[in-house]
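Quick notes on the structure that follows.
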Amino acid sequence: MKKLVLTAVAAFTILTGYAQTDANLGIIPAPVSVVKSTGSFALSGNMLILSQPADTKIAQMLKEFLATKGVAAKIVSVKTPITANQKVILLAQDSENKLPKEGYKISIKGNRIVLTGKDAGLFYALQSFMQMVPSEKANGNYPIQNAEINDYPRFSYRGLHLDVGRHFFPMSFLKKYIDVMAAYKLNNFHWHLTEDQGWRLEIKKYPKLTEVGASRNGTIIGNFPGSGGTDNEVYKGYYTQAEAKEIVAYAAARYINVIPEIELPGHGSAAIAAYPELSCFPDRDTPIGANAPWSGPRTGKQVQQTWGVFDDIFVPSENTFKFLENVLDEVIAIFPSKYIHIGGDEAPKKYWKESEFCQQLIKEKGLKDEHELQSYFIQRIEKYLNGKGRSIIGWDEILEGGLAPNATVMSWRGEKGGIEAAQQNHDVLMTPSTNGLYFDHKQSVAEDEPLTIGRKGKGFAHYSKVYNYDPVPAVLTEDQKKYIKGVQANLWTEYIETPAKAEYMIFPRVYALSEIAWTPLNRKDFKNFSEDRLSLHLAKLDKTNTNYWVPPAVGQPEAIVTGENHVVELKSPIAGAKIYYTLDGYRPSENAAEYNAPLKINVPQGQQKVLKTIVITPSGKRSIVAETVFNNGAAEVKVK
Ligand code: ACM
């Protein structure tokens, strides 16, 4: 009987996206503490939102959200007399500053919902509250579970990066990206603005950066190095300073800081194409492999059309420093961020080795080698930016040749750089490509995955890998651990040409990112995340014209299972999605059998059966085809 009741509740959850049964009330990232009590608040029309004047913007956001649910609300002063029967949402200030930074509380009881917090804290209370509202009404209202929530972040820095150099993304998409960040309490947007394949920010003093550097004559087709040539199409785009300021303001209204990245001394081919004197060898043609796919002229300085790391990097001349200082002056005027990212990664030293000027400079400055020359380069830029009240972030290569005194290190080649930097008492942001935080990696090894970096069937980062990552390395001492300021995921876009594909690559991994960035370790629970909460959030995406990676059915064993008799119980990963399956080797589709009860799979001795499933969501999105081989002593295991 008990089992029957539970099943009925579970079915109801799937149908309505009703989060009451979940220990975290459907909230991602999971809060620090959720204490449920009996009963619920019936959210329906004629709500009053009580707000101080300082919180009017957040009150307005709440009102607009309620309107999307068909719930009318009026914003009134907190001093308005209220009768006991009137249902209200009170936006309360943390007037005694008792909550941790960015922290908030939610109390739901009787006819009162109280969201308490200051600035970002109150904004985050609103984000959590919006996630608690069921997607569908029950008995004419949206029931919100009575509960007390207490919440604050594990890390002060919670980042998401976007490379707009390899591919350019429209303003509308940047805003959508920032909206996603805000909903999941991420607070730093790392905007990778300059690359070998395109310079994407207007700099008024150097108009050729965008006249020349924002445009390439073609783009390689398929995986680098490729055999399909280029598409022979001019590809271009950049953001005006007014547009960049618009993004900064849009993000700030959502408590997100925008960190611009201006790459130096490497990844500068586009800038060098615009101003060849930034190169050690202004008269040398851009290095292009003899067999590299290419469109248009191969001579002179060119914006790159293929992916990779290129030898033509900035020369550390006074002219280059003046150029970079002038560029950074304009960057600083657009971006109020304390941090400016200066790149520092993947700068081959070949040209510096070959350059008489560079070798002379190494001698003059008493440097040991080209790595120390890079360190000299970065330290000069740091000094300049520190003088303007800003701090630098650099990729972990800035450790080589000695760290600039005040630099923050972004650890991307695994955790090693981050560990080293923390041991040298430098702030660290963890974004290791080895631990699932490179969202350009594919999400499964299935054949169906689209073109991504890496070869078919190799190297992938499922959201569980992201979820299981702890940004604080165990090898650090307690004191050193304090230097780990946060975590970030990166979206490099060599193989991501459109907003739809960018969405496909970030969802659902961005949910896992938000939980490792925000939720304390003792509150993390992968089963609860993946089986109870994820489905609600993906179901919401499914309704909002957003693309995403559809997870395969929950409960399907991976790879090969041995034995004769099996029972496979599957669960839809998304509220309302259907599972179809085959056992005959054919690819499943909506024409295959629909899963609606546990499958009994019997395999005679010496044989094997292959279960193939696909999930199809209400909007028609499809998962990869997941396969399990049930083998009972067959000599050769074959998957069609
Ligand atoms: C990087 O992925 N080159 C930072």
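The way I read the labels, and the way they are meant: chains A, B, ... in the order of the structure tokens, residue 1 as the first residue of every chain, and ligand 1 as the first ligand shown, with later ones counted on from there.
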Please find the residues contacting ligand 1 at a distance of at most 10 Å between atoms, with only C-alpha atoms and all ligand atoms counted, and report them as a ChimeraX atom specification. /A:267,308-309,343-347,394-397,410-413,431-433,438,490-492
I'd like the neighbourhood of stretch 577-579 of chain A as JSON, numbers by chain, where a residue qualifies if any of its atoms comes within 7 Å (using only C-alpha atoms), though same-chain residues fewer than 5 positions away should be ignored. {"A": [553, 572, 594, 595, 613, 614, 615, 616, 617, 618]}
Going by DSSP on the backbone, which bits of stretch 201-273 of chain A are helix (DSSP H, G or I)? Write them as a list in words, please.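 So, restricting stretch 201-273 of chain A to helix (DSSP H, G or I), we get Lys208, Leu209, Thr210, Glu211, Gln241, Ala242, Glu243, Ala244, Lys245, Glu246, Ile247, Val248, Ala249, Tyr250, Ala251, Ala252, Ser269, Ala270, Ala271, Ile272 and Ala273 of chain A.
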Please provide the set of residues having any atom within 8 Å of A:Ala404, restricted to only C-alpha atoms, with same-chain residues fewer than 5 positions apart removed, written as a list in words. Ser375, Ile378, Gln379, Glu382 and Ile398 of chain A
Restricted to N, CA and C atoms, what would the selected residues look like written as a short mmCIF file (atom, residue, chain, number, x, y, z; two decimals), in the first residue's frame?
```cif
data_model
loop_
_atom_site.label_atom_id
_atom_site.label_comp_id
_atom_site.auth_asym_id
_atom_site.auth_seq_id
_atom_site.Cartn_x
_atom_site.Cartn_y
_atom_site.Cartn_z
N SER A 375 56.88 36.41 -18.54
CA SER A 375 56.58 36.89 -17.20
C SER A 375 56.79 38.41 -17.12
N ILE A 378 53.82 40.05 -18.82
CA ILE A 378 52.59 40.03 -18.00
C ILE A 378 52.75 41.00 -16.82
N GLN A 379 53.94 41.02 -16.23
CA GLN A 379 54.13 41.89 -15.06
C GLN A 379 54.00 43.37 -15.43
N GLU A 382 50.36 43.91 -15.71
CA GLU A 382 49.74 43.92 -14.38
C GLU A 382 49.98 45.25 -13.69
N ILE A 398 50.67 31.66 -16.83
CA ILE A 398 51.36 32.83 -16.27
C ILE A 398 52.23 32.44 -15.07
#
```
Go through stretch 447-546 of chain A and collect every residue that DSSP, computed from the backbone, puts in strand (DSSP E or B); the answer should be as a VMD selection string. chain A and resid 460 484 to 490
Please dump the current selection as a PDB file, in the first residue's frame; keep C-alpha atoms.
```
ATOM      1  CA  PHE A 460      33.585  13.428 -22.914  1.00  0.00           C
ATOM      2  CA  ILE A 484      40.477  28.950  -4.041  1.00  0.00           C
ATOM      3  CA  LYS A 485      38.024  31.746  -4.708  1.00  0.00           C
ATOM      4  CA  GLY A 486      35.753  29.857  -7.009  1.00  0.00           C
ATOM      5  CA  VAL A 487      35.012  27.817 -10.050  1.00  0.00           C
ATOM      6  CA  GLN A 488      34.079  28.432 -13.662  1.00  0.00           C
ATOM      7  CA  ALA A 489      33.092  26.517 -16.787  1.00  0.00           C
ATOM      8  CA  ASN A 490      34.330  27.570 -20.219  1.00  0.00           C
TER       9      ASN A 490
END
```
A:Pro260 surroundings by only C-alpha atoms, 8 Å radius, close-in-sequence under 5 positions cut, as JSON, numbers by chain: {"A": [190, 191, 192, 193, 331, 335, 340, 341]}
Mind dumping the selected residues with C-alpha atoms as a PDB file, in the first residue's frame?
```
ATOM      1  CA  HIS A 190      33.969  35.878 -18.491  1.00  0.00           C
ATOM      2  CA  TRP A 191      33.693  37.411 -21.947  1.00  0.00           C
ATOM      3  CA  HIS A 192      36.518  36.100 -24.160  1.00  0.00           C
ATOM      4  CA  LEU A 193      36.635  38.969 -26.656  1.00  0.00           C
ATOM      5  CA  VAL A 331      38.432  48.464 -21.919  1.00  0.00           C
ATOM      6  CA  PHE A 335      34.004  47.446 -17.845  1.00  0.00           C
ATOM      7  CA  ILE A 340      40.587  42.188 -16.251  1.00  0.00           C
ATOM      8  CA  HIS A 341      41.561  38.853 -17.844  1.00  0.00           C
TER       9      HIS A 341
END
```
Would you list the contacts of stretch 108-125 of chain A as a PDB file with all heavy atoms, in the first residue's frame, taking every protein, DNA or RNA residue within 7 Å and counting only C-alpha atoms, but skipping same-chain residues closer than 5 positions in sequence?
```pdb
ATOM      1  N   PHE A  41       1.251  27.158   0.900  1.00  0.00           N
ATOM      2  CA  PHE A  41       0.718  28.480   0.561  1.00  0.00           C
ATOM      3  C   PHE A  41       0.059  28.342  -0.807  1.00  0.00           C
ATOM      4  O   PHE A  41       0.692  27.845  -1.745  1.00  0.00           O
ATOM      5  CB  PHE A  41       1.895  29.451   0.513  1.00  0.00           C
ATOM      6  CG  PHE A  41       1.542  30.863   0.156  1.00  0.00           C
ATOM      7  CD1 PHE A  41       1.464  31.839   1.147  1.00  0.00           C
ATOM      8  CD2 PHE A  41       1.322  31.235  -1.161  1.00  0.00           C
ATOM      9  CE1 PHE A  41       1.178  33.156   0.822  1.00  0.00           C
ATOM     10  CE2 PHE A  41       1.019  32.552  -1.499  1.00  0.00           C
ATOM     11  CZ  PHE A  41       0.947  33.516  -0.503  1.00  0.00           C
ATOM     12  N   ILE A  58      13.351  44.537  -7.751  1.00  0.00           N
ATOM     13  CA  ILE A  58      13.148  43.099  -7.503  1.00  0.00           C
ATOM     14  C   ILE A  58      11.650  42.813  -7.353  1.00  0.00           C
ATOM     15  O   ILE A  58      11.137  41.802  -7.843  1.00  0.00           O
ATOM     16  CB  ILE A  58      13.988  42.647  -6.289  1.00  0.00           C
ATOM     17  CG1 ILE A  58      15.466  42.698  -6.699  1.00  0.00           C
ATOM     18  CG2 ILE A  58      13.593  41.242  -5.825  1.00  0.00           C
ATOM     19  CD1 ILE A  58      16.468  42.347  -5.655  1.00  0.00           C
ATOM     20  N   ASN A  85      -6.167  37.614   6.542  1.00  0.00           N
ATOM     21  CA  ASN A  85      -6.522  36.749   5.405  1.00  0.00           C
ATOM     22  C   ASN A  85      -5.803  37.100   4.115  1.00  0.00           C
ATOM     23  O   ASN A  85      -5.795  36.317   3.175  1.00  0.00           O
ATOM     24  CB  ASN A  85      -8.030  36.839   5.124  1.00  0.00           C
ATOM     25  CG  ASN A  85      -8.796  36.133   6.210  1.00  0.00           C
ATOM     26  OD1 ASN A  85      -8.222  35.288   6.901  1.00  0.00           O
ATOM     27  ND2 ASN A  85     -10.059  36.493   6.381  1.00  0.00           N
ATOM     28  N   GLN A  86      -5.263  38.313   4.071  1.00  0.00           N
ATOM     29  CA  GLN A  86      -4.615  38.757   2.828  1.00  0.00           C
ATOM     30  C   GLN A  86      -3.317  37.978   2.606  1.00  0.00           C
ATOM     31  O   GLN A  86      -2.479  37.888   3.491  1.00  0.00           O
ATOM     32  CB  GLN A  86      -4.322  40.261   2.912  1.00  0.00           C
ATOM     33  CG  GLN A  86      -3.511  40.804   1.756  1.00  0.00           C
ATOM     34  CD  GLN A  86      -4.226  40.716   0.411  1.00  0.00           C
ATOM     35  OE1 GLN A  86      -5.371  41.154   0.288  1.00  0.00           O
ATOM     36  NE2 GLN A  86      -3.572  40.148  -0.577  1.00  0.00           N
ATOM     37  N   LYS A  87      -3.195  37.423   1.403  1.00  0.00           N
ATOM     38  CA  LYS A  87      -1.954  36.700   1.101  1.00  0.00           C
ATOM     39  C   LYS A  87      -0.909  37.694   0.600  1.00  0.00           C
ATOM     40  O   LYS A  87      -1.208  38.494  -0.297  1.00  0.00           O
ATOM     41  CB  LYS A  87      -2.217  35.629   0.043  1.00  0.00           C
ATOM     42  CG  LYS A  87      -2.909  34.424   0.669  1.00  0.00           C
ATOM     43  CD  LYS A  87      -2.976  33.281  -0.275  1.00  0.00           C
ATOM     44  CE  LYS A  87      -4.320  33.252  -0.951  1.00  0.00           C
ATOM     45  NZ  LYS A  87      -4.479  32.199  -1.925  1.00  0.00           N
ATOM     46  N   VAL A  88       0.270  37.633   1.204  1.00  0.00           N
ATOM     47  CA  VAL A  88       1.297  38.603   0.809  1.00  0.00           C
ATOM     48  C   VAL A  88       2.651  37.929   0.592  1.00  0.00           C
ATOM     49  O   VAL A  88       2.941  36.878   1.171  1.00  0.00           O
ATOM     50  CB  VAL A  88       1.492  39.731   1.861  1.00  0.00           C
ATOM     51  CG1 VAL A  88       0.207  40.455   2.144  1.00  0.00           C
ATOM     52  CG2 VAL A  88       2.106  39.191   3.139  1.00  0.00           C
ATOM     53  N   ILE A  89       3.432  38.585  -0.250  1.00  0.00           N
ATOM     54  CA  ILE A  89       4.855  38.250  -0.339  1.00  0.00           C
ATOM     55  C   ILE A  89       5.600  39.485   0.139  1.00  0.00           C
ATOM     56  O   ILE A  89       5.458  40.565  -0.455  1.00  0.00           O
ATOM     57  CB  ILE A  89       5.282  37.892  -1.775  1.00  0.00           C
ATOM     58  CG1 ILE A  89       4.441  36.734  -2.304  1.00  0.00           C
ATOM     59  CG2 ILE A  89       6.772  37.541  -1.808  1.00  0.00           C
ATOM     60  CD1 ILE A  89       4.765  36.311  -3.735  1.00  0.00           C
ATOM     61  N   LEU A  90       6.340  39.326   1.208  1.00  0.00           N
ATOM     62  CA  LEU A  90       7.082  40.444   1.780  1.00  0.00           C
ATOM     63  C   LEU A  90       8.542  40.356   1.362  1.00  0.00           C
ATOM     64  O   LEU A  90       9.187  39.316   1.552  1.00  0.00           O
ATOM     65  CB  LEU A  90       6.963  40.403   3.315  1.00  0.00           C
ATOM     66  CG  LEU A  90       7.904  41.317   4.103  1.00  0.00           C
ATOM     67  CD1 LEU A  90       7.600  42.785   3.845  1.00  0.00           C
ATOM     68  CD2 LEU A  90       7.812  41.018   5.605  1.00  0.00           C
ATOM     69  N   LEU A  91       9.040  41.430   0.790  1.00  0.00           N
ATOM     70  CA  LEU A  91      10.474  41.510   0.489  1.00  0.00           C
ATOM     71  C   LEU A  91      11.114  42.243   1.663  1.00  0.00           C
ATOM     72  O   LEU A  91      10.931  43.459   1.817  1.00  0.00           O
ATOM     73  CB  LEU A  91      10.720  42.265  -0.814  1.00  0.00           C
ATOM     74  CG  LEU A  91      10.018  41.715  -2.055  1.00  0.00           C
ATOM     75  CD1 LEU A  91      10.449  42.488  -3.300  1.00  0.00           C
ATOM     76  CD2 LEU A  91      10.302  40.223  -2.256  1.00  0.00           C
ATOM     77  N   ALA A  92      11.821  41.500   2.493  1.00  0.00           N
ATOM     78  CA  ALA A  92      12.377  42.090   3.717  1.00  0.00           C
ATOM     79  C   ALA A  92      13.860  42.331   3.548  1.00  0.00           C
ATOM     80  O   ALA A  92      14.570  41.503   2.973  1.00  0.00           O
ATOM     81  CB  ALA A  92      12.123  41.156   4.901  1.00  0.00           C
ATOM     82  N   GLN A  93      14.306  43.466   4.050  1.00  0.00           N
ATOM     83  CA  GLN A  93      15.739  43.759   3.972  1.00  0.00           C
ATOM     84  C   GLN A  93      16.439  43.045   5.116  1.00  0.00           C
ATOM     85  O   GLN A  93      15.875  42.843   6.175  1.00  0.00           O
ATOM     86  CB  GLN A  93      15.957  45.258   4.115  1.00  0.00           C
ATOM     87  CG  GLN A  93      15.391  46.047   2.962  1.00  0.00           C
ATOM     88  CD  GLN A  93      16.476  46.823   2.254  1.00  0.00           C
ATOM     89  OE1 GLN A  93      17.347  47.371   2.890  1.00  0.00           O
ATOM     90  NE2 GLN A  93      16.406  46.869   0.946  1.00  0.00           N
ATOM     91  N   ASP A  94      17.680  42.693   4.870  1.00  0.00           N
ATOM     92  CA  ASP A  94      18.513  42.127   5.933  1.00  0.00           C
ATOM     93  C   ASP A  94      19.080  43.329   6.687  1.00  0.00           C
ATOM     94  O   ASP A  94      20.256  43.640   6.601  1.00  0.00           O
ATOM     95  CB  ASP A  94      19.605  41.273   5.268  1.00  0.00           C
ATOM     96  CG  ASP A  94      20.667  40.814   6.239  1.00  0.00           C
ATOM     97  OD1 ASP A  94      20.357  40.705   7.425  1.00  0.00           O
ATOM     98  OD2 ASP A  94      21.799  40.569   5.790  1.00  0.00           O
ATOM     99  N   GLU A 102      25.669  37.748  -0.057  1.00  0.00           N
ATOM    100  CA  GLU A 102      24.827  37.122  -1.078  1.00  0.00           C
ATOM    101  C   GLU A 102      23.818  36.123  -0.485  1.00  0.00           C
ATOM    102  O   GLU A 102      23.146  35.410  -1.223  1.00  0.00           O
ATOM    103  CB  GLU A 102      25.663  36.416  -2.167  1.00  0.00           C
ATOM    104  CG  GLU A 102      26.654  37.314  -2.880  1.00  0.00           C
ATOM    105  CD  GLU A 102      27.438  36.568  -3.946  1.00  0.00           C
ATOM    106  OE1 GLU A 102      28.327  35.773  -3.588  1.00  0.00           O
ATOM    107  OE2 GLU A 102      27.159  36.786  -5.137  1.00  0.00           O
ATOM    108  N   GLY A 103      23.754  36.049   0.831  1.00  0.00           N
ATOM    109  CA  GLY A 103      22.858  35.080   1.481  1.00  0.00           C
ATOM    110  C   GLY A 103      21.423  35.586   1.541  1.00  0.00           C
ATOM    111  O   GLY A 103      21.153  36.777   1.366  1.00  0.00           O
ATOM    112  N   ASN A 146       5.078  24.872   2.638  1.00  0.00           N
ATOM    113  CA  ASN A 146       5.546  25.642   3.793  1.00  0.00           C
ATOM    114  C   ASN A 146       6.961  25.198   4.129  1.00  0.00           C
ATOM    115  O   ASN A 146       7.242  23.998   4.231  1.00  0.00           O
ATOM    116  CB  ASN A 146       4.644  25.406   5.002  1.00  0.00           C
ATOM    117  CG  ASN A 146       3.332  26.178   4.888  1.00  0.00           C
ATOM    118  OD1 ASN A 146       3.224  27.100   4.071  1.00  0.00           O
ATOM    119  ND2 ASN A 146       2.351  25.800   5.686  1.00  0.00           N
ATOM    120  N   ALA A 147       7.828  26.151   4.310  1.00  0.00           N
ATOM    121  CA  ALA A 147       9.237  25.796   4.555  1.00  0.00           C
ATOM    122  C   ALA A 147      10.018  27.012   5.024  1.00  0.00           C
ATOM    123  O   ALA A 147       9.583  28.161   4.842  1.00  0.00           O
ATOM    124  CB  ALA A 147       9.868  25.261   3.265  1.00  0.00           C
ATOM    125  N   GLU A 148      11.151  26.718   5.641  1.00  0.00           N
ATOM    126  CA  GLU A 148      12.126  27.774   5.981  1.00  0.00           C
ATOM    127  C   GLU A 148      13.416  27.423   5.245  1.00  0.00           C
ATOM    128  O   GLU A 148      13.938  26.313   5.399  1.00  0.00           O
ATOM    129  CB  GLU A 148      12.423  27.780   7.490  1.00  0.00           C
ATOM    130  CG  GLU A 148      11.220  27.975   8.391  1.00  0.00           C
ATOM    131  CD  GLU A 148      10.675  29.395   8.339  1.00  0.00           C
ATOM    132  OE1 GLU A 148      11.492  30.322   8.186  1.00  0.00           O
ATOM    133  OE2 GLU A 148       9.438  29.562   8.420  1.00  0.00           O
ATOM    134  N   LYS A 185      22.425  31.547 -10.068  1.00  0.00           N
ATOM    135  CA  LYS A 185      23.277  32.197  -9.048  1.00  0.00           C
ATOM    136  C   LYS A 185      24.752  32.212  -9.430  1.00  0.00           C
ATOM    137  O   LYS A 185      25.632  32.145  -8.573  1.00  0.00           O
ATOM    138  CB  LYS A 185      23.058  31.555  -7.667  1.00  0.00           C
ATOM    139  CG  LYS A 185      21.584  31.546  -7.230  1.00  0.00           C
ATOM    140  CD  LYS A 185      21.365  31.075  -5.809  1.00  0.00           C
ATOM    141  CE  LYS A 185      19.915  31.148  -5.391  1.00  0.00           C
ATOM    142  NZ  LYS A 185      19.093  30.025  -5.745  1.00  0.00           N
ATOM    143  N   TYR A 255      23.085  41.204 -10.929  1.00  0.00           N
ATOM    144  CA  TYR A 255      24.178  40.937  -9.960  1.00  0.00           C
ATOM    145  C   TYR A 255      25.287  40.084 -10.563  1.00  0.00           C
ATOM    146  O   TYR A 255      25.865  39.218  -9.917  1.00  0.00           O
ATOM    147  CB  TYR A 255      23.612  40.339  -8.662  1.00  0.00           C
ATOM    148  CG  TYR A 255      22.669  41.325  -8.023  1.00  0.00           C
ATOM    149  CD1 TYR A 255      21.306  41.282  -8.276  1.00  0.00           C
ATOM    150  CD2 TYR A 255      23.161  42.366  -7.250  1.00  0.00           C
ATOM    151  CE1 TYR A 255      20.446  42.239  -7.765  1.00  0.00           C
ATOM    152  CE2 TYR A 255      22.315  43.332  -6.721  1.00  0.00           C
ATOM    153  CZ  TYR A 255      20.957  43.261  -6.989  1.00  0.00           C
ATOM    154  OH  TYR A 255      20.129  44.223  -6.483  1.00  0.00           O
TER     155      TYR A 255
END
```
Using only C-alpha atoms, which protein or nucleic acid residues come within 8 Å of A:Ala593? Drop anything in the same chain fewer than 3 positions from it, and give the result as a PyMOL selection string. chain A and resi 580-582+590
Quick one: of A:Ala474, A:Ala242, A:Ala59, A:Ala517, who's nearest to A:Pro31, counting only C-alpha atoms?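 Smallest separation from A:Pro31 among the options: A:Ala517.
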